file structure13.json (JSON, C-alpha atoms)
[["chain", "number", "residue", "atom", "x", "y", "z"],
["A", 179, "MET", "CA", -29.34, 17.78, -31.68],
["A", 180, "GLY", "CA", -28.00, 19.24, -28.46],
["A", 181, "ILE", "CA", -27.51, 22.95, -28.92],
["A", 182, "GLU", "CA", -26.56, 25.82, -26.69],
["A", 183, "ILE", "CA", -27.85, 29.34, -27.36],
["A", 184, "GLU", "CA", -25.90, 31.67, -25.15],
["A", 185, "ARG", "CA", -24.76, 35.26, -24.70],
["A", 186, "LYS", "CA", -21.75, 36.21, -22.62],
["A", 187, "PHE", "CA", -20.86, 39.48, -20.87],
["A", 188, "LEU", "CA", -18.25, 41.05, -18.66],
["A", 189, "VAL", "CA", -19.45, 41.80, -15.13],
["A", 190, "VAL", "CA", -19.19, 45.23, -13.49],
["A", 191, "GLY", "CA", -19.03, 45.31, -9.69],
["A", 192, "ASP", "CA", -20.73, 42.92, -7.33],
["A", 193, "GLY", "CA", -24.39, 43.93, -7.61],
["A", 194, "TRP", "CA", -25.17, 40.38, -8.73],
["A", 195, "GLN", "CA", -24.19, 38.90, -5.40],
["A", 196, "LYS", "CA", -27.35, 39.76, -3.49],
["A", 197, "ALA", "CA", -29.48, 37.58, -5.77],
["A", 198, "ALA", "CA", -26.94, 34.77, -6.18],
["A", 199, "ARG", "CA", -27.45, 31.23, -5.00],
["A", 200, "PRO", "CA", -24.54, 29.43, -3.32],
["A", 201, "GLY", "CA", -21.64, 28.95, -5.73],
["A", 202, "CYS", "CA", -20.51, 25.75, -7.41],
["A", 203, "SER", "CA", -16.76, 25.32, -7.77],
["A", 204, "MET", "CA", -15.57, 24.04, -11.13],
["A", 205, "ARG", "CA", -12.32, 22.94, -12.66],
["A", 206, "GLN", "CA", -12.18, 22.35, -16.37],
["A", 207, "GLY", "CA", -9.69, 21.60, -19.08],
["A", 208, "TYR", "CA", -9.66, 20.92, -22.80],
["A", 209, "LEU", "CA", -8.62, 17.62, -24.29],
["A", 210, "ALA", "CA", -8.32, 18.92, -27.77],
["A", 211, "GLN", "CA", -9.32, 21.69, -30.09],
["A", 212, "SER", "CA", -9.51, 20.91, -33.72],
["A", 213, "GLY", "CA", -9.26, 24.22, -35.54],
["A", 214, "SER", "CA", -12.78, 25.51, -35.81],
["A", 215, "THR", "CA", -14.62, 22.18, -35.92],
["A", 216, "SER", "CA", -14.94, 21.13, -32.29],
["A", 217, "ILE", "CA", -13.62, 21.30, -28.75],
["A", 218, "VAL", "CA", -13.81, 18.66, -26.04],
["A", 219, "ARG", "CA", -14.04, 19.80, -22.43],
["A", 220, "VAL", "CA", -13.58, 17.88, -19.18],
["A", 221, "ARG", "CA", -15.28, 19.51, -16.20],
["A", 222, "CYS", "CA", -15.39, 18.66, -12.51],
["A", 223, "ALA", "CA", -18.25, 20.56, -10.83],
["A", 224, "GLU", "CA", -18.46, 19.89, -7.10],
["A", 225, "ASP", "CA", -18.78, 16.10, -6.89],
["A", 226, "ARG", "CA", -19.89, 15.46, -10.49],
["A", 227, "ALA", "CA", -17.96, 15.37, -13.75],
["A", 228, "PHE", "CA", -18.80, 15.81, -17.41],
["A", 229, "LEU", "CA", -17.29, 15.30, -20.84],
["A", 230, "THR", "CA", -18.64, 17.88, -23.28],
["A", 231, "VAL", "CA", -18.26, 18.14, -27.03],
["A", 232, "LYS", "CA", -18.94, 21.56, -28.54],
["A", 233, "GLY", "CA", -19.11, 22.40, -32.20],
["A", 234, "GLN", "CA", -18.49, 25.66, -33.98],
["A", 235, "ARG", "CA", -20.62, 28.62, -32.99],
["A", 236, "GLU", "CA", -22.90, 30.05, -35.65],
["A", 237, "GLY", "CA", -24.23, 33.33, -34.33],
["A", 238, "LEU", "CA", -25.49, 32.58, -30.82],
["A", 239, "VAL", "CA", -26.01, 28.88, -31.51],
["A", 240, "ARG", "CA", -23.52, 26.11, -30.85],
["A", 241, "PRO", "CA", -23.90, 22.32, -31.04],
["A", 242, "GLU", "CA", -23.28, 20.76, -27.64],
["A", 243, "PHE", "CA", -23.24, 17.16, -26.42],
["A", 244, "GLU", "CA", -22.66, 16.54, -22.73],
["A", 245, "TYR", "CA", -22.15, 13.26, -20.88],
["A", 246, "GLU", "CA", -21.70, 12.65, -17.18],
["A", 247, "ILE", "CA", -18.61, 10.55, -16.50],
["A", 248, "PRO", "CA", -16.98, 9.09, -13.37],
["A", 249, "TYR", "CA", -15.34, 11.83, -11.30],
["A", 250, "THR", "CA", -12.07, 9.96, -10.85],
["A", 251, "GLU", "CA", -11.71, 9.54, -14.62],
["A", 252, "ALA", "CA", -12.32, 13.25, -15.20],
["A", 253, "GLU", "CA", -9.75, 14.05, -12.53],
["A", 254, "GLU", "CA", -7.25, 11.87, -14.29],
["A", 255, "MET", "CA", -7.96, 13.41, -17.69],
["A", 256, "LEU", "CA", -7.51, 16.89, -16.21],
["A", 257, "ARG", "CA", -4.23, 15.83, -14.66],
["A", 258, "THR", "CA", -2.72, 13.88, -17.54],
["A", 259, "LEU", "CA", -4.47, 14.46, -20.88],
["A", 260, "CYS", "CA", -5.39, 18.13, -21.10],
["A", 261, "ARG", "CA", -3.25, 20.56, -23.02],
["A", 262, "ASN", "CA", -3.03, 23.03, -20.16],
["A", 263, "PRO", "CA", -3.61, 23.09, -16.41],
["A", 264, "PRO", "CA", -7.34, 23.30, -15.62],
["A", 265, "ILE", "CA", -8.98, 26.68, -15.20],
["A", 266, "GLU", "CA", -10.80, 27.23, -11.93],
["A", 267, "LYS", "CA", -13.95, 29.19, -11.29],
["A", 268, "THR", "CA", -16.94, 29.39, -9.01],
["A", 269, "ARG", "CA", -20.29, 29.56, -10.77],
["A", 270, "TYR", "CA", -23.16, 31.45, -9.16],
["A", 271, "ARG", "CA", -26.70, 31.14, -10.46],
["A", 272, "VAL", "CA", -28.63, 34.43, -10.47],
["A", 273, "LYS", "CA", -32.32, 34.23, -11.39],
["A", 274, "LEU", "CA", -33.84, 37.47, -12.64],
["A", 275, "GLY", "CA", -37.36, 37.27, -14.03],
["A", 276, "GLU", "CA", -37.51, 34.56, -16.67],
["A", 277, "LEU", "CA", -33.75, 34.49, -17.16],
["A", 278, "SER", "CA", -31.17, 32.49, -15.29],
["A", 279, "TRP", "CA", -27.68, 34.00, -15.33],
["A", 280, "ASP", "CA", -24.49, 32.12, -14.57],
["A", 281, "VAL", "CA", -21.86, 34.38, -13.06],
["A", 282, "ASP", "CA", -18.41, 32.78, -13.28],
["A", 283, "VAL", "CA", -15.83, 34.14, -10.84],
["A", 284, "PHE", "CA", -12.46, 32.84, -11.99],
["A", 285, "SER", "CA", -9.60, 32.10, -9.63],
["A", 286, "GLY", "CA", -6.07, 30.74, -9.95],
["A", 287, "ARG", "CA", -4.26, 32.17, -12.97],
["A", 288, "LEU", "CA", -7.45, 33.91, -14.16],
["A", 289, "ASP", "CA", -8.10, 35.57, -10.81],
["A", 290, "GLY", "CA", -9.95, 38.85, -11.28],
["A", 291, "LEU", "CA", -11.97, 37.79, -14.31],
["A", 292, "VAL", "CA", -15.75, 37.65, -13.83],
["A", 293, "LEU", "CA", -18.04, 36.66, -16.73],
["A", 294, "ALA", "CA", -21.80, 36.26, -16.92],
["A", 295, "GLU", "CA", -23.57, 33.91, -19.32],
["A", 296, "VAL", "CA", -27.24, 33.64, -20.05],
["A", 297, "GLU", "CA", -28.69, 30.66, -21.87],
["A", 298, "LEU", "CA", -31.61, 31.45, -24.17],
["A", 299, "LYS", "CA", -34.48, 29.43, -25.62],
["A", 300, "CYS", "CA", -34.19, 31.06, -29.04],
["A", 301, "VAL", "CA", -31.75, 33.43, -30.73],
["A", 302, "ASP", "CA", -34.08, 36.43, -30.68],
["A", 303, "GLN", "CA", -35.16, 36.07, -27.05],
["A", 304, "PRO", "CA", -35.07, 39.56, -25.48],
["A", 305, "VAL", "CA", -32.56, 39.94, -22.67],
["A", 306, "GLU", "CA", -33.00, 42.60, -20.01],
["A", 307, "LEU", "CA", -29.51, 43.53, -18.87],
["A", 308, "PRO", "CA", -29.07, 44.00, -15.13],
["A", 309, "ALA", "CA", -27.00, 46.98, -13.94],
["A", 310, "TRP", "CA", -23.99, 44.76, -13.19],
["A", 311, "ILE", "CA", -23.68, 43.60, -16.80],
["A", 312, "GLY", "CA", -20.83, 45.15, -18.79],
["A", 313, "ALA", "CA", -19.63, 44.72, -22.38],
["A", 314, "GLU", "CA", -20.97, 41.80, -24.37],
["A", 315, "VAL", "CA", -18.20, 39.35, -25.32],
["A", 316, "THR", "CA", -20.30, 36.65, -27.00],
["A", 317, "TYR", "CA", -18.38, 37.02, -30.24],
["A", 318, "ASP", "CA", -14.98, 37.74, -28.72],
["A", 319, "PRO", "CA", -12.96, 34.52, -29.00],
["A", 320, "GLN", "CA", -10.55, 35.57, -26.25],
["A", 321, "TYR", "CA", -13.31, 35.02, -23.68],
["A", 322, "GLY", "CA", -14.04, 31.44, -24.70],
["A", 323, "ASN", "CA", -13.05, 29.15, -21.83],
["A", 324, "ALA", "CA", -11.00, 26.97, -24.17],
["A", 325, "VAL", "CA", -8.97, 30.02, -25.23],
["A", 326, "LEU", "CA", -8.72, 31.23, -21.61],
["A", 327, "SER", "CA", -7.28, 27.85, -20.67],
["A", 328, "GLU", "CA", -4.34, 28.51, -23.02],
["A", 329, "ILE", "CA", -3.35, 31.68, -21.18],
["A", 330, "PRO", "CA", -0.81, 31.25, -18.40],
["A", 331, "VAL", "CA", -1.43, 34.75, -16.99],
["A", 332, "MET", "CA", -4.57, 36.76, -17.69],
["A", 333, "PRO", "CA", -3.88, 39.96, -19.61],
["A", 334, "SER", "CA", -5.54, 43.16, -18.44],
["A", 335, "ALA", "CA", -9.24, 43.00, -19.15],
["A", 336, "PRO", "CA", -10.55, 45.71, -21.45],
["A", 337, "ALA", "CA", -12.52, 48.46, -19.74],
["A", 338, "PRO", "CA", -16.09, 47.20, -19.42],
["A", 339, "GLN", "CA", -18.66, 49.14, -21.44],
["A", 340, "ARG", "CA", -22.42, 49.19, -21.18],
["A", 341, "THR", "CA", -24.21, 47.58, -24.06],
["A", 342, "SER", "CA", -27.87, 47.28, -24.89],
["A", 343, "THR", "CA", -29.83, 44.46, -26.48],
["B", 273, "MET", "CA", -7.15, 4.40, -14.89],
["B", 274, "GLY", "CA", -8.46, 2.97, -18.10],
["B", 275, "ILE", "CA", -5.55, 1.72, -20.17],
["B", 276, "GLU", "CA", -5.18, -0.18, -23.37],
["B", 277, "ILE", "CA", -2.19, -2.46, -23.97],
["B", 278, "GLU", "CA", -2.20, -3.37, -27.60],
["B", 279, "ARG", "CA", -0.06, -4.59, -30.49],
["B", 280, "LYS", "CA", -1.00, -4.02, -34.10],
["B", 281, "PHE", "CA", 0.02, -5.92, -37.27],
["B", 282, "LEU", "CA", -0.56, -6.00, -40.98],
["B", 283, "VAL", "CA", -2.50, -9.05, -42.16],
["B", 284, "VAL", "CA", -1.26, -11.40, -44.90],
["B", 285, "GLY", "CA", -3.90, -13.30, -46.84],
["B", 286, "ASP", "CA", -7.20, -14.54, -45.48],
["B", 287, "GLY", "CA", -6.17, -17.46, -43.30],
["B", 288, "TRP", "CA", -7.80, -15.67, -40.37],
["B", 289, "GLN", "CA", -11.26, -16.02, -41.86],
["B", 290, "LYS", "CA", -11.89, -19.64, -40.95],
["B", 291, "ALA", "CA", -11.70, -18.87, -37.23],
["B", 292, "ALA", "CA", -13.48, -15.51, -37.40],
["B", 293, "ARG", "CA", -16.80, -14.74, -35.76],
["B", 294, "PRO", "CA", -19.38, -12.70, -37.69],
["B", 295, "GLY", "CA", -18.11, -9.19, -38.38],
["B", 296, "CYS", "CA", -19.20, -5.96, -36.72],
["B", 297, "SER", "CA", -19.39, -2.95, -39.01],
["B", 298, "MET", "CA", -17.93, 0.27, -37.61],
["B", 299, "ARG", "CA", -17.75, 3.87, -38.65],
["B", 300, "GLN", "CA", -15.52, 6.19, -36.69],
["B", 301, "GLY", "CA", -14.23, 9.71, -36.82],
["B", 302, "TYR", "CA", -12.04, 12.00, -34.75],
["B", 303, "LEU", "CA", -13.31, 15.13, -33.07],
["B", 304, "ALA", "CA", -9.93, 16.49, -32.36],
["B", 305, "GLN", "CA", -6.30, 15.65, -31.97],
["B", 306, "SER", "CA", -4.28, 17.82, -29.73],
["B", 307, "GLY", "CA", -0.66, 17.33, -30.75],
["B", 308, "SER", "CA", 0.56, 14.37, -28.79],
["B", 309, "THR", "CA", -1.61, 14.75, -25.69],
["B", 310, "SER", "CA", -4.92, 13.14, -26.63],
["B", 311, "ILE", "CA", -7.36, 12.15, -29.33],
["B", 312, "VAL", "CA", -11.14, 11.91, -29.08],
["B", 313, "ARG", "CA", -12.91, 9.30, -31.20],
["B", 314, "VAL", "CA", -16.59, 8.87, -32.05],
["B", 315, "ARG", "CA", -17.50, 5.32, -33.10],
["B", 316, "CYS", "CA", -20.73, 3.75, -34.30],
["B", 317, "ALA", "CA", -20.48, -0.05, -34.03],
["B", 318, "GLU", "CA", -23.60, -1.81, -35.29],
["B", 319, "ASP", "CA", -26.40, -0.26, -33.18],
["B", 320, "ARG", "CA", -24.24, 1.12, -30.38],
["B", 321, "ALA", "CA", -22.04, 4.21, -30.17],
["B", 322, "PHE", "CA", -19.09, 5.31, -28.08],
["B", 323, "LEU", "CA", -17.06, 8.39, -27.29],
["B", 324, "THR", "CA", -13.46, 7.46, -26.52],
["B", 325, "VAL", "CA", -10.61, 9.55, -25.18],
["B", 326, "LYS", "CA", -7.12, 8.19, -25.75],
["B", 327, "GLY", "CA", -3.92, 9.59, -24.34],
["B", 328, "GLN", "CA", -0.40, 9.35, -25.63],
["B", 329, "ARG", "CA", 1.05, 5.87, -26.12],
["B", 330, "GLU", "CA", 4.04, 4.95, -23.98],
["B", 331, "GLY", "CA", 5.45, 1.75, -25.36],
["B", 332, "LEU", "CA", 2.46, -0.59, -25.72],
["B", 333, "VAL", "CA", 0.38, 1.21, -23.10],
["B", 334, "ARG", "CA", -2.10, 3.97, -23.75],
["B", 335, "PRO", "CA", -4.61, 5.66, -21.43],
["B", 336, "GLU", "CA", -8.15, 5.08, -22.68],
["B", 337, "PHE", "CA", -11.53, 6.23, -21.40],
["B", 338, "GLU", "CA", -14.62, 5.02, -23.22],
["B", 339, "TYR", "CA", -18.26, 6.02, -22.74],
["B", 340, "GLU", "CA", -21.35, 4.71, -24.48],
["B", 341, "ILE", "CA", -23.43, 7.55, -25.92],
["B", 342, "PRO", "CA", -26.75, 7.78, -27.79],
["B", 343, "TYR", "CA", -26.38, 6.50, -31.35],
["B", 344, "THR", "CA", -28.14, 9.48, -32.93],
["B", 345, "GLU", "CA", -25.76, 11.89, -31.19],
["B", 346, "ALA", "CA", -22.73, 9.95, -32.42],
["B", 347, "GLU", "CA", -24.17, 9.97, -35.93],
["B", 348, "GLU", "CA", -24.53, 13.71, -35.75],
["B", 349, "MET", "CA", -21.01, 14.22, -34.44],
["B", 350, "LEU", "CA", -19.64, 12.06, -37.27],
["B", 351, "ARG", "CA", -21.62, 14.07, -39.78],
["B", 352, "THR", "CA", -20.99, 17.58, -38.50],
["B", 353, "LEU", "CA", -18.14, 17.81, -35.99],
["B", 354, "CYS", "CA", -15.39, 15.46, -37.13],
["B", 355, "ARG", "CA", -12.39, 16.78, -39.02],
["B", 356, "ASN", "CA", -12.70, 14.23, -41.81],
["B", 357, "PRO", "CA", -15.30, 11.82, -43.19],
["B", 358, "PRO", "CA", -15.57, 8.71, -41.01],
["B", 359, "ILE", "CA", -13.45, 5.70, -41.77],
["B", 360, "GLU", "CA", -15.32, 2.45, -42.30],
["B", 361, "LYS", "CA", -14.29, -1.04, -41.38],
["B", 362, "THR", "CA", -15.65, -4.42, -40.40],
["B", 363, "ARG", "CA", -14.14, -5.92, -37.29],
["B", 364, "TYR", "CA", -13.85, -9.68, -36.96],
["B", 365, "ARG", "CA", -13.02, -11.34, -33.67],
["B", 366, "VAL", "CA", -10.63, -14.28, -33.97],
["B", 367, "LYS", "CA", -9.96, -16.28, -30.80],
["B", 368, "LEU", "CA", -6.75, -18.28, -30.81],
["B", 369, "GLY", "CA", -5.77, -19.91, -27.54],
["B", 370, "GLU", "CA", -5.79, -17.31, -24.79],
["B", 371, "LEU", "CA", -5.63, -14.40, -27.20],
["B", 372, "SER", "CA", -8.45, -12.59, -28.89],
["B", 373, "TRP", "CA", -7.50, -10.89, -32.16],
["B", 374, "ASP", "CA", -9.49, -8.12, -33.82],
["B", 375, "VAL", "CA", -9.07, -8.19, -37.58],
["B", 376, "ASP", "CA", -10.17, -4.86, -39.13],
["B", 377, "VAL", "CA", -11.06, -5.02, -42.81],
["B", 378, "PHE", "CA", -11.27, -1.44, -44.01],
["B", 379, "SER", "CA", -13.60, -0.29, -46.77],
["B", 380, "GLY", "CA", -14.46, 2.98, -48.44],
["B", 381, "ARG", "CA", -11.38, 5.13, -49.05],
["B", 382, "LEU", "CA", -9.20, 2.69, -47.10],
["B", 383, "ASP", "CA", -10.39, -0.33, -49.07],
["B", 384, "GLY", "CA", -7.67, -3.01, -49.24],
["B", 385, "LEU", "CA", -6.17, -2.31, -45.83],
["B", 386, "VAL", "CA", -6.47, -5.12, -43.27],
["B", 387, "LEU", "CA", -5.03, -4.73, -39.78],
["B", 388, "ALA", "CA", -5.01, -7.05, -36.78],
["B", 389, "GLU", "CA", -4.89, -5.88, -33.17],
["B", 390, "VAL", "CA", -4.42, -7.92, -30.06],
["B", 391, "GLU", "CA", -5.15, -6.53, -26.62],
["B", 392, "LEU", "CA", -2.85, -7.75, -23.86],
["B", 393, "LYS", "CA", -3.12, -8.01, -20.10],
["B", 394, "CYS", "CA", 0.44, -6.83, -19.55],
["B", 395, "VAL", "CA", 3.22, -5.42, -21.71],
["B", 396, "ASP", "CA", 5.37, -8.55, -21.60],
["B", 397, "GLN", "CA", 2.58, -11.02, -22.36],
["B", 398, "PRO", "CA", 3.88, -13.48, -24.97],
["B", 399, "VAL", "CA", 2.07, -13.36, -28.29],
["B", 400, "GLU", "CA", 2.05, -16.36, -30.60],
["B", 401, "LEU", "CA", 1.76, -14.98, -34.11],
["B", 402, "PRO", "CA", -0.59, -16.85, -36.45],
["B", 403, "ALA", "CA", 0.59, -17.47, -40.02],
["B", 404, "TRP", "CA", -1.61, -14.68, -41.37],
["B", 405, "ILE", "CA", 0.12, -12.01, -39.29],
["B", 406, "GLY", "CA", 2.49, -9.73, -41.19],
["B", 407, "ALA", "CA", 4.69, -6.83, -40.15],
["B", 408, "GLU", "CA", 4.14, -5.29, -36.74],
["B", 409, "VAL", "CA", 2.99, -1.68, -37.00],
["B", 410, "THR", "CA", 2.36, -0.95, -33.31],
["B", 411, "TYR", "CA", 4.87, 1.89, -33.35],
["B", 412, "ASP", "CA", 4.17, 3.13, -36.86],
["B", 413, "PRO", "CA", 2.03, 6.26, -36.53],
["B", 414, "GLN", "CA", 0.70, 5.99, -40.09],
["B", 415, "TYR", "CA", -1.40, 2.99, -39.03],
["B", 416, "GLY", "CA", -3.14, 4.78, -36.17],
["B", 417, "ASN", "CA", -6.82, 5.08, -37.04],
["B", 418, "ALA", "CA", -6.76, 8.81, -36.28],
["B", 419, "VAL", "CA", -3.97, 9.27, -38.81],
["B", 420, "LEU", "CA", -5.70, 6.98, -41.32],
["B", 421, "SER", "CA", -8.80, 9.15, -41.04],
["B", 422, "GLU", "CA", -6.77, 12.10, -42.36],
["B", 423, "ILE", "CA", -5.90, 10.30, -45.58],
["B", 424, "PRO", "CA", -8.29, 10.79, -48.47],
["B", 425, "VAL", "CA", -6.76, 7.90, -50.46],
["B", 426, "MET", "CA", -4.74, 5.11, -48.92],
["B", 427, "PRO", "CA", -1.12, 5.02, -50.10],
["B", 428, "SER", "CA", 0.36, 1.68, -51.12],
["B", 429, "ALA", "CA", 0.93, -0.45, -48.07],
["B", 430, "PRO", "CA", 4.52, -1.50, -47.46],
["B", 431, "ALA", "CA", 5.31, -5.12, -48.30],
["B", 432, "PRO", "CA", 4.33, -7.16, -45.24],
["B", 433, "GLN", "CA", 7.20, -8.81, -43.41],
["B", 434, "ARG", "CA", 7.16, -11.62, -40.90],
["B", 435, "THR", "CA", 8.10, -10.55, -37.40],
["B", 436, "SER", "CA", 8.55, -12.53, -34.24],
["B", 437, "THR", "CA", 7.77, -11.65, -30.63]]

call {"tool": "encode", "arguments": {"input": "structure13.json", "output": "structure tokens"}}
result
Amino acid sequence: MGIEIERKFLVVGDGWQKAARPGCSMRQGYLAQSGSTSIVRVRCAEDRAFLTVKGQREGLVRPEFEYEIPYTEAEEMLRTLCRNPPIEKTRYRVKLGELSWDVDVFSGRLDGLVLAEVELKCVDQPVELPAWIGAEVTYDPQYGNAVLSEIPVMPSAPAPQRTST
Amino acid sequence: MGIEIERKFLVVGDGWQKAARPGCSMRQGYLAQSGSTSIVRVRCAEDRAFLTVKGQREGLVRPEFEYEIPYTEAEEMLRTLCRNPPIEKTRYRVKLGELSWDVDVFSGRLDGLVLAEVELKCVDQPVELPAWIGAEVTYDPQYGNAVLSEIPVMPSAPAPQRTST
């Protein structure tokens, strides 16, 4: 089974930038969400495109199946079949020790939102939080990209808080 | 763009069987349906599997994007991510003149239902209806496979009626 084990955080300031690799621009939309059973995402990332099926999260773990698809077909699905206009972000990879963080800087209607995700090998893998990491939002459904795609204008983000592992 | 141009009919009797090729058993489920914008289907057909995105039908025409995926992943999506248990059918190909009919003989909870589909090259392509073709159900949403998958027990089918092109 394809699974994703991931934690997600708000980002405080731009301390992450000095260690970031060049960004990858992404546009993604959601074909369908079926209550709590699954979501289906279409993503264009630079010159590649993917169709991704995600199941329901249980704790940090979520089933995930991803397939590369022709870019032009993804473009067309984003334009004609998704429920909402695509969300836009630039993803920066930040490697710190053994961990590889993805910092997503949103633009367009989600301008101002910056989230960091870290993919783990197991659910109890220790995570050392860099200084630019704010409140953990792993379990906060409003920060799921599928939910964010439903929002025409981003509401004020809650004040970031420091958390510990 | 991938499109499907298709008409769908009830089947009367078994006159189609003498011209049918060996059947292909299929199991399929639906990951999600997003109102009228799109559906996403997972299908296992013999030893191959496909993920298919279909848009909203306009007349006879429907956007369709299909990707072959690993069989074991499709099996797992059918088992864990679909909204309902998969529907089961055996598809028989019946070639008559220029047209190629797919006759779907449903089993399991849809046992007794037999539907025929014909894929066309253009919306005004003439279709000669064989004697075993009953009422056209192209525009009847209750005969969409995604809708059929929602039904635990098949309601009585309406009395088939002859239609003409």

call {"tool": "closest_residue", "arguments": {"input": "structure13.json", "among": "A:Leu238, A:Val190, A:Ile265, A:Ile181", "to": "Ala223 in chain A", "atoms": "all atoms listed in the file"}}
result
A:Ile265

call {"tool": "atom_distance", "arguments": {"input": "structure13.json", "atom1": "CA of Leu293 in chain A", "atom2": "CA of Leu188 in chain A"}}
result
4.8 Å

call {"tool": "residues_near_point", "arguments": {"input": "structure13.json", "point": "(-11.5, -2.6, -37.3)", "cutoff": "8 Å", "atoms": "only C-alpha atoms", "output": "JSON, numbers by chain"}}
result
{"B": [298, 361, 362, 363, 364, 374, 375, 376, 377, 378, 387, 388]}

call {"tool": "closest_residue", "arguments": {"input": "structure13.json", "among": "B:Ile277, B:Tyr343, B:Asp286, B:Glu318", "to": "chain A", "atoms": "all atoms listed in the file"}}
result
B:Tyr343

call {"tool": "closest_residue", "arguments": {"input": "structure13.json", "among": "A:Ser327, A:Gly322, A:Gly275, A:Glu184", "to": "Glu306 in chain A", "atoms": "all atoms listed in the file"}}
result
A:Gly275

call {"tool": "residues_around", "arguments": {"input": "structure13.json", "residues": "Gln300 in chain B", "least_positions_apart": "4", "cutoff": "6 Å", "atoms": "only C-alpha atoms", "output": "PyMOL selection string"}}
result
chain B and resi 314-315+358-359

call {"tool": "interface_residues", "arguments": {"input": "structure13.json", "of": "chain B", "to": "chain A", "cutoff": "12 Å", "atoms": "all atoms listed in the file", "output": "PyMOL selection string"}}
result
chain B and resi 273-275+302-314+322-329+334-356

call {"tool": "atom_distance", "arguments": {"input": "structure13.json", "atom1": "CA of Leu291 in chain A", "atom2": "CA of Asn323 in chain A"}}
result
11.5 Å

call {"tool": "atom_distance", "arguments": {"input": "structure13.json", "atom1": "CA of Leu382 in chain B", "atom2": "CA of Pro357 in chain B"}}
result
11.7 Å

call {"tool": "closest_residue", "arguments": {"input": "structure13.json", "among": "A:Arg185, A:Tyr321, A:Gly312, A:Glu297", "to": "Gly237 in chain A", "atoms": "only C-alpha atoms"}}
result
A:Arg185

call {"tool": "closest_residue", "arguments": {"input": "structure13.json", "among": "A:Val189, A:Leu277, A:Leu326, A:Ala227", "to": "Leu298 in chain A", "atoms": "all atoms listed in the file"}}
result
A:Leu277

call {"tool": "decode", "arguments": {"input": "structure13.json", "residues": "range 389-400 of chain B", "atoms": "N, CA and C atoms", "output": "PDB file, in the first residue's frame"}}
result
ATOM      1  N   GLU B 389     -23.983  -0.801 -24.378  1.00  0.00           N
ATOM      2  CA  GLU B 389     -23.442   0.523 -24.699  1.00  0.00           C
ATOM      3  C   GLU B 389     -22.813   0.455 -26.086  1.00  0.00           C
ATOM      4  N   VAL B 390     -22.918   1.553 -26.788  1.00  0.00           N
ATOM      5  CA  VAL B 390     -22.221   1.630 -28.070  1.00  0.00           C
ATOM      6  C   VAL B 390     -21.471   2.954 -28.113  1.00  0.00           C
ATOM      7  N   GLU B 391     -20.183   2.872 -28.409  1.00  0.00           N
ATOM      8  CA  GLU B 391     -19.368   4.083 -28.464  1.00  0.00           C
ATOM      9  C   GLU B 391     -19.338   4.581 -29.910  1.00  0.00           C
ATOM     10  N   LEU B 392     -19.538   5.884 -30.060  1.00  0.00           N
ATOM     11  CA  LEU B 392     -19.671   6.464 -31.404  1.00  0.00           C
ATOM     12  C   LEU B 392     -18.498   7.378 -31.713  1.00  0.00           C
ATOM     13  N   LYS B 393     -18.306   7.587 -33.018  1.00  0.00           N
ATOM     14  CA  LYS B 393     -17.222   8.490 -33.437  1.00  0.00           C
ATOM     15  C   LYS B 393     -17.673   9.943 -33.417  1.00  0.00           C
ATOM     16  N   CYS B 394     -18.969  10.164 -33.604  1.00  0.00           N
ATOM     17  CA  CYS B 394     -19.504  11.517 -33.562  1.00  0.00           C
ATOM     18  C   CYS B 394     -20.954  11.440 -33.081  1.00  0.00           C
ATOM     19  N   VAL B 395     -21.480  12.563 -32.619  1.00  0.00           N
ATOM     20  CA  VAL B 395     -22.787  12.535 -31.958  1.00  0.00           C
ATOM     21  C   VAL B 395     -23.927  12.174 -32.903  1.00  0.00           C
ATOM     22  N   ASP B 396     -23.747  12.449 -34.212  1.00  0.00           N
ATOM     23  CA  ASP B 396     -24.857  12.166 -35.122  1.00  0.00           C
ATOM     24  C   ASP B 396     -24.622  10.890 -35.932  1.00  0.00           C
ATOM     25  N   GLN B 397     -23.720  10.048 -35.452  1.00  0.00           N
ATOM     26  CA  GLN B 397     -23.482   8.773 -36.145  1.00  0.00           C
ATOM     27  C   GLN B 397     -24.748   7.920 -36.087  1.00  0.00           C
ATOM     28  N   PRO B 398     -25.226   7.434 -37.236  1.00  0.00           N
ATOM     29  CA  PRO B 398     -26.434   6.596 -37.195  1.00  0.00           C
ATOM     30  C   PRO B 398     -26.164   5.272 -36.497  1.00  0.00           C
ATOM     31  N   VAL B 399     -27.150   4.811 -35.745  1.00  0.00           N
ATOM     32  CA  VAL B 399     -27.005   3.553 -35.008  1.00  0.00           C
ATOM     33  C   VAL B 399     -28.147   2.626 -35.411  1.00  0.00           C
ATOM     34  N   GLU B 400     -27.796   1.511 -36.021  1.00  0.00           N
ATOM     35  CA  GLU B 400     -28.819   0.512 -36.346  1.00  0.00           C
ATOM     36  C   GLU B 400     -29.019  -0.359 -35.124  1.00  0.00           C
TER      37      GLU B 400
END
